[in-house]
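Single-structure report; data block below.
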2 protein chains.
Amino acid sequence: MARKAVGLTQQQLGMRLGMDPNTASARMNQYEKGKHTPDYQTMKRVAVELGVPVAYFYCEDDLLAEIMCAVAKRSKEEQQELLASLTKA
Amino acid sequence: MARKAVGLTQQQLGMRLGMDPNTASARMNQYEKGKHTPDYQTMKRVAVELGVPVAYFYCEDDLLAEIMCAVAKRSKEEQQELLASLTKA
DNA sequence: AAGTGTACTAAGGATAACTTAGTTTTCAAG
DNA sequence: CTTGAAAACTAAGTTATCCTTAGTACACTT
């Protein structure tokens with residue numbers, strides 16, 4: 001979903017991460033289909049490329065993932081306020 | 001730091017994750033020292049054992065990590081409301 | 001100084017990822 | 001509908017990484 005939102009093919013995304021064009025397609029597909037797991041450095045580059053916090057990919061449920069994306073877009077000040085309101089009540 | 005806060009040795013934590021007692025010490029040490037990286041299933045069990053969402057370990061900055069912990073403790077209904085308020089304005 | 005518990009490490013066997021070489025699916029144009 | 005090309009996807013072998021073994025090093029108490 002995050003990849004398509006940016007309008008990239010699996011191969012294109014892989015190439016932007018620095019993968020060999022010959023292997024980018026297979027590798028990215030294996031990741032998306034859950035056949036294999038990328039290492040953390042690769043995951044971080046994916047996050048940067050797609051404009052989401054890397055933790056997005058490790059969220060258990062979609063709701064928490066969406067919230068995190070929304071929170072990450074806010075300023076540090078707004079995040080501080082949010083944290084305060086969450087820990088208070 | 002998180003492990004010691006709970007008062008567990010490397011071996012004890014590993015055993016609580018379901019590791020063989022004979023290998024728990026070496027494996028956990030390799031993870032903590034950064035020699036090797038645990039797979040995602042193991043990481044999830046660590047999260048459960050330490051009482052944080054697994055994405056917590058993948059947060060780039062501490063503020064986002066804290067917010068996520070606080071959000072994860074709220075009900076699904078409250079999370080829905082939060083997401084709505086974040087995506088609205 | 002010795003004993004005990006904890007932390008840590010090298011090396012080889014076990015396991016999972018990466019590369020290769022494709023096939024299958026999707027979808028727009030004719 | 002059929003074709004063609006782009007995109008998605010996959011099996012199998014090679015390569016890279018982790019897990020296990022076996023043990024050493026460190027910290028702390030007696």
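Note on naming: chains are A, B, ... as they come in the structure tokens, residues start from 1 per chain, ligands start from 1 in the order shown.
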
Checklist line | chain D contacts on chain B, only C-alpha atoms (C1' of nucleotides), 8 Å, as a ChimeraX atom specification | finding: /B:23,27,36-37

Using all C-alpha atoms paired in order, least-squares fit chain A onto chain B and give me the moved copy as a PDB file with C-alpha atoms, in the first residue's frame.
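Contents of part-v1.pdb, freshly written:
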```pdb
ATOM      1  CA  MET A   1      15.740  -0.729  28.762  1.00  0.00           C
ATOM      2  CA  ALA A   2      12.530  -2.696  28.184  1.00  0.00           C
ATOM      3  CA  ARG A   3      14.160  -5.862  29.558  1.00  0.00           C
ATOM      4  CA  LYS A   4      15.460  -4.230  32.721  1.00  0.00           C
ATOM      5  CA  ALA A   5      12.097  -2.580  33.318  1.00  0.00           C
ATOM      6  CA  VAL A   6      10.689  -6.105  33.635  1.00  0.00           C
ATOM      7  CA  GLY A   7      13.627  -7.185  35.836  1.00  0.00           C
ATOM      8  CA  LEU A   8      15.007 -10.026  33.754  1.00  0.00           C
ATOM      9  CA  THR A   9      18.585 -10.990  32.895  1.00  0.00           C
ATOM     10  CA  GLN A  10      19.520 -11.597  29.271  1.00  0.00           C
ATOM     11  CA  GLN A  11      19.577 -15.337  29.911  1.00  0.00           C
ATOM     12  CA  GLN A  12      16.241 -15.346  31.720  1.00  0.00           C
ATOM     13  CA  LEU A  13      14.571 -13.470  28.904  1.00  0.00           C
ATOM     14  CA  GLY A  14      16.031 -15.831  26.329  1.00  0.00           C
ATOM     15  CA  MET A  15      14.792 -18.845  28.250  1.00  0.00           C
ATOM     16  CA  ARG A  16      11.299 -17.381  28.451  1.00  0.00           C
ATOM     17  CA  LEU A  17      11.367 -17.111  24.678  1.00  0.00           C
ATOM     18  CA  GLY A  18      12.005 -20.833  24.499  1.00  0.00           C
ATOM     19  CA  MET A  19      15.749 -20.756  23.963  1.00  0.00           C
ATOM     20  CA  ASP A  20      18.078 -23.488  25.201  1.00  0.00           C
ATOM     21  CA  PRO A  21      19.424 -22.310  28.605  1.00  0.00           C
ATOM     22  CA  ASN A  22      22.957 -23.007  27.343  1.00  0.00           C
ATOM     23  CA  THR A  23      22.620 -20.586  24.449  1.00  0.00           C
ATOM     24  CA  ALA A  24      20.108 -18.026  25.721  1.00  0.00           C
ATOM     25  CA  SER A  25      22.712 -15.749  27.322  1.00  0.00           C
ATOM     26  CA  ALA A  26      24.976 -15.484  24.277  1.00  0.00           C
ATOM     27  CA  ARG A  27      22.132 -15.059  21.822  1.00  0.00           C
ATOM     28  CA  MET A  28      20.303 -12.367  23.785  1.00  0.00           C
ATOM     29  CA  ASN A  29      23.543 -10.489  24.337  1.00  0.00           C
ATOM     30  CA  GLN A  30      24.360 -10.609  20.636  1.00  0.00           C
ATOM     31  CA  TYR A  31      20.940  -9.152  19.920  1.00  0.00           C
ATOM     32  CA  GLU A  32      21.191  -6.363  22.475  1.00  0.00           C
ATOM     33  CA  LYS A  33      24.699  -5.405  21.419  1.00  0.00           C
ATOM     34  CA  GLY A  34      23.661  -5.414  17.775  1.00  0.00           C
ATOM     35  CA  LYS A  35      26.086  -8.193  16.829  1.00  0.00           C
ATOM     36  CA  HIS A  36      23.324 -10.288  15.293  1.00  0.00           C
ATOM     37  CA  THR A  37      19.664  -9.779  14.411  1.00  0.00           C
ATOM     38  CA  PRO A  38      16.842 -12.061  15.571  1.00  0.00           C
ATOM     39  CA  ASP A  39      14.192 -13.219  13.129  1.00  0.00           C
ATOM     40  CA  TYR A  40      10.745 -11.688  13.321  1.00  0.00           C
ATOM     41  CA  GLN A  41       9.094 -14.556  15.222  1.00  0.00           C
ATOM     42  CA  THR A  42      11.691 -14.210  17.976  1.00  0.00           C
ATOM     43  CA  MET A  43      11.201 -10.450  17.992  1.00  0.00           C
ATOM     44  CA  LYS A  44       7.458 -10.904  18.466  1.00  0.00           C
ATOM     45  CA  ARG A  45       7.994 -13.222  21.416  1.00  0.00           C
ATOM     46  CA  VAL A  46      10.326 -10.638  22.979  1.00  0.00           C
ATOM     47  CA  ALA A  47       7.642  -7.988  22.543  1.00  0.00           C
ATOM     48  CA  VAL A  48       5.000 -10.162  24.233  1.00  0.00           C
ATOM     49  CA  GLU A  49       7.361 -11.029  27.084  1.00  0.00           C
ATOM     50  CA  LEU A  50       8.300  -7.410  27.709  1.00  0.00           C
ATOM     51  CA  GLY A  51       4.837  -5.984  27.206  1.00  0.00           C
ATOM     52  CA  VAL A  52       5.565  -3.618  24.334  1.00  0.00           C
ATOM     53  CA  PRO A  53       4.249  -3.565  20.753  1.00  0.00           C
ATOM     54  CA  VAL A  54       6.719  -5.356  18.482  1.00  0.00           C
ATOM     55  CA  ALA A  55       7.015  -2.224  16.330  1.00  0.00           C
ATOM     56  CA  TYR A  56       8.629  -0.587  19.383  1.00  0.00           C
ATOM     57  CA  PHE A  57      11.894  -2.285  18.486  1.00  0.00           C
ATOM     58  CA  TYR A  58      11.825  -0.927  14.954  1.00  0.00           C
ATOM     59  CA  CYS A  59      11.268   2.732  15.837  1.00  0.00           C
ATOM     60  CA  GLU A  60      13.871   5.033  14.399  1.00  0.00           C
ATOM     61  CA  ASP A  61      13.833   7.544  17.234  1.00  0.00           C
ATOM     62  CA  ASP A  62      13.153   7.144  20.931  1.00  0.00           C
ATOM     63  CA  LEU A  63      10.364   9.699  20.969  1.00  0.00           C
ATOM     64  CA  LEU A  64       8.262   7.787  18.454  1.00  0.00           C
ATOM     65  CA  ALA A  65       8.973   4.580  20.391  1.00  0.00           C
ATOM     66  CA  GLU A  66       7.732   6.093  23.639  1.00  0.00           C
ATOM     67  CA  ILE A  67       4.634   7.476  21.983  1.00  0.00           C
ATOM     68  CA  MET A  68       3.839   4.088  20.511  1.00  0.00           C
ATOM     69  CA  CYS A  69       4.131   2.359  23.883  1.00  0.00           C
ATOM     70  CA  ALA A  70       1.833   4.935  25.426  1.00  0.00           C
ATOM     71  CA  VAL A  71      -0.668   4.679  22.595  1.00  0.00           C
ATOM     72  CA  ALA A  72      -0.666   0.862  22.691  1.00  0.00           C
ATOM     73  CA  LYS A  73      -1.718   0.941  26.335  1.00  0.00           C
ATOM     74  CA  ARG A  74      -4.876   2.941  25.540  1.00  0.00           C
ATOM     75  CA  SER A  75      -8.210   1.432  24.553  1.00  0.00           C
ATOM     76  CA  LYS A  76      -9.203   0.968  20.937  1.00  0.00           C
ATOM     77  CA  GLU A  77     -11.780   3.732  21.370  1.00  0.00           C
ATOM     78  CA  GLU A  78      -9.202   6.216  22.637  1.00  0.00           C
ATOM     79  CA  GLN A  79      -6.896   5.229  19.784  1.00  0.00           C
ATOM     80  CA  GLN A  80      -9.672   5.891  17.285  1.00  0.00           C
ATOM     81  CA  GLU A  81     -10.194   9.341  18.771  1.00  0.00           C
ATOM     82  CA  LEU A  82      -6.483  10.062  18.688  1.00  0.00           C
ATOM     83  CA  LEU A  83      -6.214   9.051  15.042  1.00  0.00           C
ATOM     84  CA  ALA A  84      -9.175  11.251  14.181  1.00  0.00           C
ATOM     85  CA  SER A  85      -7.650  14.278  15.878  1.00  0.00           C
ATOM     86  CA  LEU A  86      -4.296  13.669  14.211  1.00  0.00           C
ATOM     87  CA  THR A  87      -5.677  13.354  10.683  1.00  0.00           C
ATOM     88  CA  LYS A  88      -8.112  16.233  11.053  1.00  0.00           C
ATOM     89  CA  ALA A  89      -5.962  19.281  11.729  1.00  0.00           C
TER      90      ALA A  89
END
```

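Every chain C residue lying within 10 Å of chain A, based on only C-alpha atoms (C1' of nucleotides), is listed here: DA16, DA17, DC18, DT19 and DT20 of chain C.
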
Note to self: Residues of chain B classed as helix (DSSP H, G or I) by DSSP on the backbone are to be reported as a PyMOL selection string.
What the structure shows: chain B and resi 2-6+10-16+21-32+40-50+54-58+62-73+76-88
